[in-house]
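Down below is the structure, laid out as structure tokens.
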Amino acid sequence: MTTATRTAADDTTKSAPKLPHPGPGIGHDEIPRRADPFAVVRHSLTLTWRSLVKLKRQPEQFIDLTLQPILFIVMFVYLFGGAIEGSTQDYLQFVLPGILVQTVVFASLGTGVGLCEDINKGVFDRFRSLPISRFAPLGGAVLGDVCRYVVSIAIVFGFGSAIGFRVQTGPLEVLAAIALVLVFAFAMSWIFVVLGVTMRNPRSVQGTAMLLGFPLTFGANIFARAETMPGWLQAWVDVNPVSHLTSAVRTLLVEGGSATGDALATLAWAAVIFAVFAPLAVHKYKTKT
Amino acid sequence: MTSYAIEAEGLVKKYGSTTAIDGIDLVARQGSVLALLGPNGAGKTTTVRTLATLIKPDAGYARIGGYDVVRQSAPVRRLIGLTGQYASVDEDISGYQNLVMIGRLLDFSRAEAKARADELLARFELTEAAHRAPGTYSGGMRRRLDLAASLVGRPQFLYLDEPTTGLDPRSRGDVWELVRNLVAEDGVTVLLTTQYLDEADQLANDIAVIDHGRVIANGTADSLKAQVGGQSLEIRPADPARLAETAAIVAELTGSAPDSTTRPGLVTTAVHDPDLLPYVVRRLDEAGIRATELALRLPSLDEVFLELTGHPAEDAQPEPAAA
């Protein structure tokens, strides 16, 4: 009985192939397509949109983005401000530009963790089976995170103003400072993207990212002036790209004067970091099995 | 014509000292369904991932629609849709957003992507759930959305990696129906992996039985069954007390001792002469044994597997994680 149904089914399916065999180019003229230089950008932006929709669906992520900078401001200004600068208000003016930098650098560590979690899910395999550049899923994740930094930056400025921080310069300088922070964070993220793509476990990514993040943010002139530190530490602080960024932002927001040197150093660092780690991340992602 | 829609020859993939696939050869005609049948760890998923350009084989080659999966991966990716254990949808955005996103990644305009998403949601009866996150879907809905997602780009090749694993029987039936329709209406060539023997039997024109990274048998469900040879006679006496008596009659007629212990209350034995059945019926009648079940049938694919591999269709070593 089973035999009979089977044979009948076979007969119908055997007559089924209506389409000709698709030889190269036959029946699908658009293949192979020319590489479209805008496609990478377009696909990255589509996946940026995905990251942002995710953010909207997980409002608990905003707690991270908002509470952490507030806690840092409160802790440093009121706990250490008096001791470091003699007055909490003076210290607020000094430290707030630094906290702006620190918040965003810390947030960029999270890019690696989030990506590692994401890659372990099925949707990244689907991305890999689509005819899109391997850069797009990574670029989308990073750009999505950059948008989140904007939220953190707004919180730092908002909360800072509420407790007495005053920008001493103009709106153009503020915009320049924000742009600099975002560009640097974008570049930095790729270091953590490499970790996120290479490591299997999001927790190991978190741990390793923290190991890198601490010397970068605390071993800088964010919380104290480099002059107050011992020579060996000063040597590190002076080469640390985060110090250049902090100096530039501090100049742009509070101290006034020329930020060109530090800004250029920051941009140069950002370019180097991006040029090294973005291709490495894409390569690791491509060859990931 | 000698060329096939799917052709693979000698595919090998090693992970360190583990050989995931060890020389896989496959062919499938345009518009047919090819099932890779085998237990967990046999190398089915590695094969699919190789044919989907997700991993590079260490040796061998494969062509999809005439394109080489390694050297021409971009055109291959335009032809295929992938659904399965690994490739799935984004849990964190809605079903509709998932489909629109894939449409946009396939270079549909915004309007086209939205229209295609609506069309697929309607076709797979997901319109009501369209704006919920897939995390809230039932297993069957999830699988339908996975399937919809792999169809956004109207692929000519559909890879289904264990499409019904973990589904209840009704949802399995639904997925089978969808796959049959795709083949019949859209002329899609389907590559299916399954560890369910009945699934391969139900859907596939051709079956490749895979074990330990090798194709150990090839053919239609019927030819595989025939390859194992013989038919199976099954008798269930109405009165279980007369089981031994029934077995004795069968033994006398076939010349070999039947199995009356594996399945309770059922006497089964391999038969090579189909003309035997009337004699069995007559002898049972003479002995006054009433049978509630009396059948001569081809062996099940389970039995085929046992015959071919020498071991039952059970899990081998687990596949390398995320491999």
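Letters for chains follow the order of the structure tokens (A, B, ...), residue numbers begin at 1 for each chain, and ligand numbers begin at 1 in the order shown.
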Output the contact residues of chain B with respect to chain A at a cut-off of 7 Å, based on only C-alpha atoms, as a PDB file with N, CA, C and O atoms, in the first residue's frame.
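New file part-v1.pdb:
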```pdb
ATOM      1  N   ALA B   5      21.182  20.481 -10.828  1.00  0.00           N
ATOM      2  CA  ALA B   5      21.012  21.749 -10.126  1.00  0.00           C
ATOM      3  C   ALA B   5      21.976  21.821  -8.938  1.00  0.00           C
ATOM      4  O   ALA B   5      22.561  22.853  -8.656  1.00  0.00           O
ATOM      5  N   GLN B  30      16.925  19.746 -10.945  1.00  0.00           N
ATOM      6  CA  GLN B  30      16.148  20.968 -10.789  1.00  0.00           C
ATOM      7  C   GLN B  30      14.706  20.602 -10.410  1.00  0.00           C
ATOM      8  O   GLN B  30      14.105  19.716 -11.002  1.00  0.00           O
ATOM      9  N   GLY B  31      14.190  21.279  -9.389  1.00  0.00           N
ATOM     10  CA  GLY B  31      12.803  21.050  -9.012  1.00  0.00           C
ATOM     11  C   GLY B  31      12.548  19.780  -8.232  1.00  0.00           C
ATOM     12  O   GLY B  31      11.404  19.384  -8.068  1.00  0.00           O
ATOM     13  N   ALA B  52      25.922  26.057   1.308  1.00  0.00           N
ATOM     14  CA  ALA B  52      25.372  27.404   1.478  1.00  0.00           C
ATOM     15  C   ALA B  52      26.477  28.454   1.535  1.00  0.00           C
ATOM     16  O   ALA B  52      26.224  29.598   1.880  1.00  0.00           O
ATOM     17  N   THR B  53      27.693  28.078   1.227  1.00  0.00           N
ATOM     18  CA  THR B  53      28.873  28.959   1.215  1.00  0.00           C
ATOM     19  C   THR B  53      29.270  29.448   2.608  1.00  0.00           C
ATOM     20  O   THR B  53      30.050  30.378   2.741  1.00  0.00           O
ATOM     21  N   LEU B  54      28.733  28.842   3.662  1.00  0.00           N
ATOM     22  CA  LEU B  54      29.073  29.320   5.005  1.00  0.00           C
ATOM     23  C   LEU B  54      30.420  28.782   5.455  1.00  0.00           C
ATOM     24  O   LEU B  54      31.096  29.406   6.264  1.00  0.00           O
ATOM     25  N   ILE B  55      30.787  27.605   4.980  1.00  0.00           N
ATOM     26  CA  ILE B  55      32.121  27.096   5.283  1.00  0.00           C
ATOM     27  C   ILE B  55      32.782  26.600   4.001  1.00  0.00           C
ATOM     28  O   ILE B  55      32.095  26.161   3.073  1.00  0.00           O
ATOM     29  N   GLY B  65      23.398  25.401  -9.151  1.00  0.00           N
ATOM     30  CA  GLY B  65      22.930  26.084 -10.356  1.00  0.00           C
ATOM     31  C   GLY B  65      24.084  26.416 -11.289  1.00  0.00           C
ATOM     32  O   GLY B  65      24.036  27.405 -12.016  1.00  0.00           O
ATOM     33  N   GLY B  66      25.129  25.616 -11.242  1.00  0.00           N
ATOM     34  CA  GLY B  66      26.275  25.840 -12.116  1.00  0.00           C
ATOM     35  C   GLY B  66      27.362  26.715 -11.515  1.00  0.00           C
ATOM     36  O   GLY B  66      28.432  26.860 -12.100  1.00  0.00           O
ATOM     37  N   TYR B  67      27.106  27.303 -10.360  1.00  0.00           N
ATOM     38  CA  TYR B  67      28.111  28.180  -9.739  1.00  0.00           C
ATOM     39  C   TYR B  67      28.875  27.438  -8.648  1.00  0.00           C
ATOM     40  O   TYR B  67      28.275  26.727  -7.838  1.00  0.00           O
ATOM     41  N   ALA B  74      29.208  34.575  -4.304  1.00  0.00           N
ATOM     42  CA  ALA B  74      28.206  35.645  -4.371  1.00  0.00           C
ATOM     43  C   ALA B  74      26.986  35.239  -5.205  1.00  0.00           C
ATOM     44  O   ALA B  74      25.853  35.341  -4.724  1.00  0.00           O
ATOM     45  N   PRO B  75      27.172  34.758  -6.436  1.00  0.00           N
ATOM     46  CA  PRO B  75      25.989  34.316  -7.171  1.00  0.00           C
ATOM     47  C   PRO B  75      25.269  33.143  -6.506  1.00  0.00           C
ATOM     48  O   PRO B  75      24.036  33.070  -6.569  1.00  0.00           O
ATOM     49  N   ARG B  77      24.904  32.728  -3.367  1.00  0.00           N
ATOM     50  CA  ARG B  77      24.077  33.307  -2.302  1.00  0.00           C
ATOM     51  C   ARG B  77      22.820  33.968  -2.848  1.00  0.00           C
ATOM     52  O   ARG B  77      21.834  34.110  -2.125  1.00  0.00           O
ATOM     53  N   ARG B  78      22.867  34.399  -4.110  1.00  0.00           N
ATOM     54  CA  ARG B  78      21.664  34.989  -4.700  1.00  0.00           C
ATOM     55  C   ARG B  78      20.626  33.926  -5.037  1.00  0.00           C
ATOM     56  O   ARG B  78      19.463  34.232  -5.231  1.00  0.00           O
ATOM     57  N   LEU B  82      18.128  29.802   3.012  1.00  0.00           N
ATOM     58  CA  LEU B  82      18.595  28.859   4.021  1.00  0.00           C
ATOM     59  C   LEU B  82      17.717  28.946   5.255  1.00  0.00           C
ATOM     60  O   LEU B  82      17.427  30.027   5.753  1.00  0.00           O
ATOM     61  N   TYR B  86      20.479  26.474  12.420  1.00  0.00           N
ATOM     62  CA  TYR B  86      21.329  27.612  12.722  1.00  0.00           C
ATOM     63  C   TYR B  86      20.779  28.889  12.121  1.00  0.00           C
ATOM     64  O   TYR B  86      20.546  29.859  12.824  1.00  0.00           O
ATOM     65  N   ALA B  87      20.571  28.866  10.802  1.00  0.00           N
ATOM     66  CA  ALA B  87      20.083  30.095  10.177  1.00  0.00           C
ATOM     67  C   ALA B  87      18.634  30.302  10.570  1.00  0.00           C
ATOM     68  O   ALA B  87      17.780  29.500  10.250  1.00  0.00           O
ATOM     69  N   SER B  88      18.354  31.378  11.273  1.00  0.00           N
ATOM     70  CA  SER B  88      16.964  31.602  11.623  1.00  0.00           C
ATOM     71  C   SER B  88      16.695  33.093  11.621  1.00  0.00           C
ATOM     72  O   SER B  88      17.339  33.839  10.898  1.00  0.00           O
ATOM     73  N   VAL B  89      15.739  33.510  12.412  1.00  0.00           N
ATOM     74  CA  VAL B  89      15.361  34.919  12.379  1.00  0.00           C
ATOM     75  C   VAL B  89      15.865  35.628  13.632  1.00  0.00           C
ATOM     76  O   VAL B  89      16.335  35.004  14.568  1.00  0.00           O
ATOM     77  N   ASP B  90      15.748  36.930  13.612  1.00  0.00           N
ATOM     78  CA  ASP B  90      16.165  37.742  14.748  1.00  0.00           C
ATOM     79  C   ASP B  90      15.056  37.731  15.800  1.00  0.00           C
ATOM     80  O   ASP B  90      13.928  38.116  15.525  1.00  0.00           O
ATOM     81  N   ASP B  92      14.755  39.539  18.336  1.00  0.00           N
ATOM     82  CA  ASP B  92      14.506  40.800  19.030  1.00  0.00           C
ATOM     83  C   ASP B  92      13.723  41.810  18.217  1.00  0.00           C
ATOM     84  O   ASP B  92      13.386  42.881  18.720  1.00  0.00           O
ATOM     85  N   ILE B  93      13.479  41.506  16.953  1.00  0.00           N
ATOM     86  CA  ILE B  93      12.644  42.416  16.173  1.00  0.00           C
ATOM     87  C   ILE B  93      11.446  41.624  15.649  1.00  0.00           C
ATOM     88  O   ILE B  93      11.477  40.405  15.632  1.00  0.00           O
ATOM     89  N   MET B 101      13.721  43.562   6.738  1.00  0.00           N
ATOM     90  CA  MET B 101      15.182  43.694   6.812  1.00  0.00           C
ATOM     91  C   MET B 101      15.850  42.829   5.750  1.00  0.00           C
ATOM     92  O   MET B 101      16.751  43.294   5.032  1.00  0.00           O
ATOM     93  N   ARG B 104      15.431  44.304   2.348  1.00  0.00           N
ATOM     94  CA  ARG B 104      16.325  45.454   2.138  1.00  0.00           C
ATOM     95  C   ARG B 104      17.756  44.972   1.885  1.00  0.00           C
ATOM     96  O   ARG B 104      18.464  45.549   1.062  1.00  0.00           O
ATOM     97  N   LEU B 105      18.160  43.928   2.595  1.00  0.00           N
ATOM     98  CA  LEU B 105      19.518  43.407   2.393  1.00  0.00           C
ATOM     99  C   LEU B 105      19.652  42.771   1.014  1.00  0.00           C
ATOM    100  O   LEU B 105      20.754  42.664   0.479  1.00  0.00           O
ATOM    101  N   ALA B 184       5.995  22.176  -5.913  1.00  0.00           N
ATOM    102  CA  ALA B 184       5.019  22.035  -6.998  1.00  0.00           C
ATOM    103  C   ALA B 184       4.766  23.367  -7.693  1.00  0.00           C
ATOM    104  O   ALA B 184       4.715  23.434  -8.921  1.00  0.00           O
ATOM    105  N   GLY B 187       8.643  25.471  -8.338  1.00  0.00           N
ATOM    106  CA  GLY B 187       9.731  24.746  -8.993  1.00  0.00           C
ATOM    107  C   GLY B 187      11.054  24.860  -8.259  1.00  0.00           C
ATOM    108  O   GLY B 187      12.121  24.758  -8.854  1.00  0.00           O
ATOM    109  N   ASN B 205      12.346  13.116  -3.310  1.00  0.00           N
ATOM    110  CA  ASN B 205      12.432  12.268  -4.491  1.00  0.00           C
ATOM    111  C   ASN B 205      13.619  11.331  -4.352  1.00  0.00           C
ATOM    112  O   ASN B 205      13.564  10.171  -4.712  1.00  0.00           O
ATOM    113  N   ALA B 323      29.475  24.222  14.342  1.00  0.00           N
ATOM    114  CA  ALA B 323      30.139  23.854  13.091  1.00  0.00           C
ATOM    115  C   ALA B 323      29.151  23.875  11.944  1.00  0.00           C
ATOM    116  O   ALA B 323      27.968  23.844  12.144  1.00  0.00           O
TER     117      ALA B 323
END
```
If you count only C-alpha atoms, which residues fall within 12 Å of Glu245 of chain B, apart from same-chain ones fewer than 5 positions away, as a PDB file with N, CA, C and O atoms, in the first residue's frame?
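out-v3.pdb written:
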```pdb
ATOM      1  N   ILE B 235       2.027 -10.132  11.305  1.00  0.00           N
ATOM      2  CA  ILE B 235       0.739 -10.702  11.702  1.00  0.00           C
ATOM      3  C   ILE B 235       0.506 -10.421  13.183  1.00  0.00           C
ATOM      4  O   ILE B 235       1.385 -10.653  14.015  1.00  0.00           O
ATOM      5  N   ARG B 236      -0.679  -9.900  13.477  1.00  0.00           N
ATOM      6  CA  ARG B 236      -1.035  -9.692  14.882  1.00  0.00           C
ATOM      7  C   ARG B 236      -2.263 -10.539  15.195  1.00  0.00           C
ATOM      8  O   ARG B 236      -3.378 -10.202  14.765  1.00  0.00           O
ATOM      9  N   PRO B 237      -2.089 -11.650  15.903  1.00  0.00           N
ATOM     10  CA  PRO B 237      -3.252 -12.469  16.236  1.00  0.00           C
ATOM     11  C   PRO B 237      -4.186 -11.737  17.187  1.00  0.00           C
ATOM     12  O   PRO B 237      -3.723 -10.997  18.075  1.00  0.00           O
ATOM     13  N   ASP B 239      -6.000 -12.940  19.431  1.00  0.00           N
ATOM     14  CA  ASP B 239      -5.810 -13.473  20.787  1.00  0.00           C
ATOM     15  C   ASP B 239      -4.301 -13.578  21.055  1.00  0.00           C
ATOM     16  O   ASP B 239      -3.632 -14.431  20.485  1.00  0.00           O
ATOM     17  N   PRO B 240      -3.772 -12.732  21.909  1.00  0.00           N
ATOM     18  CA  PRO B 240      -2.318 -12.708  22.139  1.00  0.00           C
ATOM     19  C   PRO B 240      -1.796 -14.061  22.615  1.00  0.00           C
ATOM     20  O   PRO B 240      -0.619 -14.390  22.417  1.00  0.00           O
ATOM     21  N   VAL B 250       4.142 -19.523  10.760  1.00  0.00           N
ATOM     22  CA  VAL B 250       4.982 -18.673   9.899  1.00  0.00           C
ATOM     23  C   VAL B 250       6.339 -19.335   9.685  1.00  0.00           C
ATOM     24  O   VAL B 250       6.858 -19.398   8.564  1.00  0.00           O
ATOM     25  N   ALA B 251       6.889 -19.886  10.755  1.00  0.00           N
ATOM     26  CA  ALA B 251       8.207 -20.514  10.670  1.00  0.00           C
ATOM     27  C   ALA B 251       8.159 -21.686   9.692  1.00  0.00           C
ATOM     28  O   ALA B 251       9.039 -21.883   8.863  1.00  0.00           O
ATOM     29  N   GLU B 252       7.103 -22.427   9.772  1.00  0.00           N
ATOM     30  CA  GLU B 252       6.952 -23.606   8.912  1.00  0.00           C
ATOM     31  C   GLU B 252       6.901 -23.195   7.442  1.00  0.00           C
ATOM     32  O   GLU B 252       7.532 -23.817   6.582  1.00  0.00           O
ATOM     33  N   PRO B 258      10.430 -16.540  12.930  1.00  0.00           N
ATOM     34  CA  PRO B 258      10.050 -15.120  12.938  1.00  0.00           C
ATOM     35  C   PRO B 258      10.366 -14.444  14.267  1.00  0.00           C
ATOM     36  O   PRO B 258      10.660 -15.114  15.266  1.00  0.00           O
ATOM     37  N   SER B 260       8.951 -12.559  17.269  1.00  0.00           N
ATOM     38  CA  SER B 260       7.658 -12.285  17.909  1.00  0.00           C
ATOM     39  C   SER B 260       7.852 -11.577  19.244  1.00  0.00           C
ATOM     40  O   SER B 260       6.975 -11.528  20.066  1.00  0.00           O
ATOM     41  N   VAL B 267       3.946 -10.727  15.137  1.00  0.00           N
ATOM     42  CA  VAL B 267       4.912 -11.664  14.560  1.00  0.00           C
ATOM     43  C   VAL B 267       5.441 -11.047  13.270  1.00  0.00           C
ATOM     44  O   VAL B 267       4.658 -10.682  12.389  1.00  0.00           O
ATOM     45  N   ARG B 283      -3.539 -21.046   6.158  1.00  0.00           N
ATOM     46  CA  ARG B 283      -3.113 -21.821   7.328  1.00  0.00           C
ATOM     47  C   ARG B 283      -3.639 -21.235   8.626  1.00  0.00           C
ATOM     48  O   ARG B 283      -4.068 -21.980   9.522  1.00  0.00           O
ATOM     49  N   LEU B 284      -3.661 -19.928   8.694  1.00  0.00           N
ATOM     50  CA  LEU B 284      -4.181 -19.278   9.907  1.00  0.00           C
ATOM     51  C   LEU B 284      -5.666 -19.600  10.036  1.00  0.00           C
ATOM     52  O   LEU B 284      -6.166 -19.893  11.124  1.00  0.00           O
ATOM     53  N   ALA B 287      -6.246 -23.030  11.222  1.00  0.00           N
ATOM     54  CA  ALA B 287      -5.940 -23.164  12.653  1.00  0.00           C
ATOM     55  C   ALA B 287      -6.928 -22.380  13.510  1.00  0.00           C
ATOM     56  O   ALA B 287      -6.886 -22.465  14.733  1.00  0.00           O
ATOM     57  N   GLY B 288      -7.816 -21.621  12.856  1.00  0.00           N
ATOM     58  CA  GLY B 288      -8.804 -20.839  13.599  1.00  0.00           C
ATOM     59  C   GLY B 288      -8.207 -19.645  14.318  1.00  0.00           C
ATOM     60  O   GLY B 288      -8.725 -19.171  15.319  1.00  0.00           O
ATOM     61  N   ILE B 289      -7.088 -19.119  13.785  1.00  0.00           N
ATOM     62  CA  ILE B 289      -6.469 -17.927  14.389  1.00  0.00           C
ATOM     63  C   ILE B 289      -6.957 -16.701  13.637  1.00  0.00           C
ATOM     64  O   ILE B 289      -6.775 -16.602  12.415  1.00  0.00           O
ATOM     65  N   ARG B 290      -7.603 -15.813  14.375  1.00  0.00           N
ATOM     66  CA  ARG B 290      -8.050 -14.584  13.767  1.00  0.00           C
ATOM     67  C   ARG B 290      -6.947 -13.532  13.891  1.00  0.00           C
ATOM     68  O   ARG B 290      -6.350 -13.395  14.954  1.00  0.00           O
TER      69      ARG B 290
END
```
*Identify which of the residues B:Ser17, B:Thr47, B:Ser94, B:Ser32 lies closest to Val215 of chain B, counting only C-alpha atoms when measuring atom-to-atom distances.*
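Closest candidate: B:Thr47.
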*Could you tell me, as a count of residues only, which residues of segment 156-271 of chain A DSSP assigns to helix (DSSP H, G or I) when given the backbone?*
91
*Test item: residues at most 12 Å from Phe106 of chain A, only C-alpha atoms, excluding those fewer than 3 positions along its chain, as a PyMOL selection string*: chain A and resi 64-65+68-69+72+99-103+109-113+145+149+152+185+188-189+192+206+209-218+242
_Can you tell me, as a ChimeraX atom specification, which residues in segment 30-205 of chain B count as strand (DSSP E or B) by DSSP?_
/B:33-37,59-64,67-68,80-84,157-161,189-194
_For segment 255-271 of chain A, find every residue with an atom within 6 Å (counting only C-alpha atoms), except residues of its own chain fewer than 6 positions away, and show them as a ChimeraX atom specification._
/A:184,187,244-245,248
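Here atom CA of Pro230 of chain A stands at a distance of 28.7 Å from atom CA of Ala107 of chain A.
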*atom CA of Val151 of chain A to atom CA of Gly139 of chain A: how many Å, to one decimal?*
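Separation of atom CA of Val151 of chain A and atom CA of Gly139 of chain A: 19.2 Å.
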*asked:* So, with only C-alpha atoms as the atoms that count, which of B:Ala291, B:Leu34, B:Arg214, B:Gly310 lies closest to Val183 of chain B?
replied: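 Distance minimum relative to Val183 of chain B lands on B:Leu34.
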*Grab the atom CA of Thr261 of chain B to atom CA of Leu233 of chain B distance for me, in Å with one decimal place.*
14.5 Å
